[in-house]
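Participant: This is the structure I want to talk about, given as C-alpha cells.
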Amino acid sequence: MSTSAAKSSVLLDFYKTEYNDGLRSFYLPDEQLQFSALPHEVLTAAAQDPHRYPVVILADSKPVGFFVLYDGEEIALYSDDPQTIVLRAFSVNHAEQGKGYAKQGLLLLPDFVRKQFPLARIVGLGVNMKNSPARNLYLKCGFEDHGRTKIGPLGPQHILTLPL
C-alpha cells in the first residue's frame, strides 16, 4: 500500500448522482474488464432492479472503487443461507489501483453491510477461476472458500463467503 492511500480517508457510500463524473472516468484494461463491468454499465442495470444496491468506494471524497450489493433470487447460487447478500461487479479505477483501496473497501464491507442490511449474515461472491489476483485479495480480506463453484459468464467461478 502506498503512503498516499494510508493517509487517505476511505469510506463506503451508496451511489449518489454527485459521484457520476468520477465513476464515468473509470477505466479498466481489457484483462480486468473481462471479469468486471465499468460502473456506468452496472448503474444502468441497477436502476431497473430494486435488488441491486450500487456502492462507491471513496478516498478523500473521490470515487476510486465501485461494487453492487445484491439481495435477489440468485443469492441461492452463493449460499444456502437466505440472509446472504451478494457482492458483484467489484472494481477499482485503474488509475487508483495499487494504492490499497480495494483492500480497504473490502475491510470496510462487513460493518457497512451490518449497518445497512441488519438481517444479512453472509456476504457471498463469485470470482472467475482465472482471476487469481482478485481471489487472493478476497481471501486476505476474510472471505472463505469452501469449495463451492458455479458457472459464470466466462466459465467456472469460485464461490467465496464472508460471515458477518
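By convention here, the chains of the C-alpha cells are called A, B, ... in the order presented, each chain's residues are numbered starting at 1, and ligands are numbered starting at 1 in the order presented.
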Which polymer residues have any atom within 10 Å of an atom of A:Lys130, counting only C-alpha atoms, with same-chain residues fewer than 3 positions away left out, as a PyMOL selection string?
Facilitator: chain A and resi 35+127+133-135+154-158
Participant: What is the atom CA of A:Ala59-atom CA of A:Ser8 distance in Å, reported with one decimal?
Facilitator: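 Calculated distance between atom CA of A:Ala59 and atom CA of A:Ser8 is 5.8 Å.
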Participant: Can you pull out every residue within 9 Å of A:Leu58, counting only C-alpha atoms, but drop anything in the same chain fewer than 4 positions away, and send it as a list in words?
Facilitator: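 After dropping sequence-adjacent residues, the list is Ser9, Val10, Leu11, Leu12, Asp13, Lys62, Pro63, Val64, Gly65, Phe66, Tyr101 and Gly105 of chain A.
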Participant: As a list in words, please: all residues of stretch 68-137 of chain A that backbone DSSP puts in alpha helix (DSSP H).
Facilitator: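 Matching residues, listed in order: Tyr101, Ala102, Lys103, Gln104, Gly105, Leu106, Leu107, Leu108, Leu109, Pro110, Asp111, Phe112, Val113, Arg114, Lys115, Gln116, Ser132, Pro133, Ala134, Arg135, Asn136 and Leu137 of chain A.
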Participant: Take the residues that were just selected and, keeping N, CA and C atoms, output them as a compact mmCIF listing (two decimals), in the first residue's frame.
Facilitator:
# COMPACT_ATOMS: atom_id res chain seq x y z
N TYR A 101 -6.82 0.66 -2.08
CA TYR A 101 -8.23 1.00 -1.95
C TYR A 101 -9.15 -0.22 -2.02
N ALA A 102 -8.83 -1.19 -2.84
CA ALA A 102 -9.66 -2.39 -2.92
C ALA A 102 -9.68 -3.10 -1.57
N LYS A 103 -8.51 -3.28 -0.99
CA LYS A 103 -8.42 -3.95 0.31
C LYS A 103 -9.15 -3.15 1.39
N GLN A 104 -8.93 -1.84 1.41
CA GLN A 104 -9.60 -1.01 2.41
C GLN A 104 -11.11 -1.07 2.25
N GLY A 105 -11.58 -1.02 1.01
CA GLY A 105 -13.02 -1.11 0.77
C GLY A 105 -13.60 -2.43 1.24
N LEU A 106 -12.88 -3.52 0.96
CA LEU A 106 -13.36 -4.84 1.39
C LEU A 106 -13.31 -4.99 2.90
N LEU A 107 -12.34 -4.39 3.55
CA LEU A 107 -12.27 -4.47 5.01
C LEU A 107 -13.37 -3.64 5.67
N LEU A 108 -13.86 -2.61 4.99
CA LEU A 108 -14.98 -1.82 5.50
C LEU A 108 -16.33 -2.49 5.24
N LEU A 109 -16.34 -3.45 4.33
CA LEU A 109 -17.59 -4.07 3.89
C LEU A 109 -18.41 -4.70 5.02
N PRO A 110 -17.83 -5.51 5.91
CA PRO A 110 -18.67 -6.15 6.94
C PRO A 110 -19.46 -5.15 7.78
N ASP A 111 -18.83 -4.09 8.26
CA ASP A 111 -19.54 -3.10 9.06
C ASP A 111 -20.60 -2.37 8.24
N PHE A 112 -20.29 -2.07 6.99
CA PHE A 112 -21.25 -1.39 6.11
C PHE A 112 -22.49 -2.27 5.92
N VAL A 113 -22.27 -3.54 5.63
CA VAL A 113 -23.40 -4.45 5.40
C VAL A 113 -24.20 -4.63 6.69
N ARG A 114 -23.53 -4.81 7.81
CA ARG A 114 -24.25 -4.97 9.09
C ARG A 114 -25.14 -3.77 9.37
N LYS A 115 -24.64 -2.58 9.07
CA LYS A 115 -25.41 -1.36 9.33
C LYS A 115 -26.56 -1.19 8.35
N GLN A 116 -26.29 -1.41 7.06
CA GLN A 116 -27.29 -1.14 6.03
C GLN A 116 -28.25 -2.30 5.77
N SER A 132 -7.02 -15.05 -10.39
CA SER A 132 -6.32 -15.34 -9.13
C SER A 132 -6.03 -14.10 -8.29
N PRO A 133 -5.62 -12.97 -8.89
CA PRO A 133 -5.36 -11.79 -8.04
C PRO A 133 -6.58 -11.37 -7.23
N ALA A 134 -7.76 -11.38 -7.86
CA ALA A 134 -8.97 -10.99 -7.13
C ALA A 134 -9.29 -12.01 -6.05
N ARG A 135 -9.21 -13.29 -6.37
CA ARG A 135 -9.50 -14.33 -5.38
C ARG A 135 -8.58 -14.20 -4.18
N ASN A 136 -7.29 -13.99 -4.43
CA ASN A 136 -6.33 -13.85 -3.33
C ASN A 136 -6.65 -12.64 -2.46
N LEU A 137 -7.05 -11.54 -3.08
CA LEU A 137 -7.42 -10.35 -2.31
C LEU A 137 -8.64 -10.64 -1.43
Participant: Counting only C-alpha atoms, figure out which residue out of A:Leu119, A:Leu87, A:Leu28, A:Leu77 gets nearest to A:Thr149.
Facilitator: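 That would be A:Leu77, the residue with the smallest distance to A:Thr149.
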Participant: From the options A:Leu38, A:Val86, A:Ala45, A:Val56, which residue's atoms come nearest to A:Thr17, counting only C-alpha atoms?
Facilitator: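 Between A:Leu38, A:Val86, A:Ala45, A:Val56, the residue approaching A:Thr17 most closely is A:Val56.
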Participant: Can you tell me, as a PyMOL selection string, what residues are no more than 6 Å from A:Pro54 when counting only C-alpha atoms, ignoring any on the same chain fewer than 4 positions away?
Facilitator: chain A and resi 14-15+67-68
Participant: I'd like to know which of A:His94, A:Leu69, A:Cys141, A:His51 is closest to A:Asp30, using only C-alpha atoms.
Facilitator: A:His94
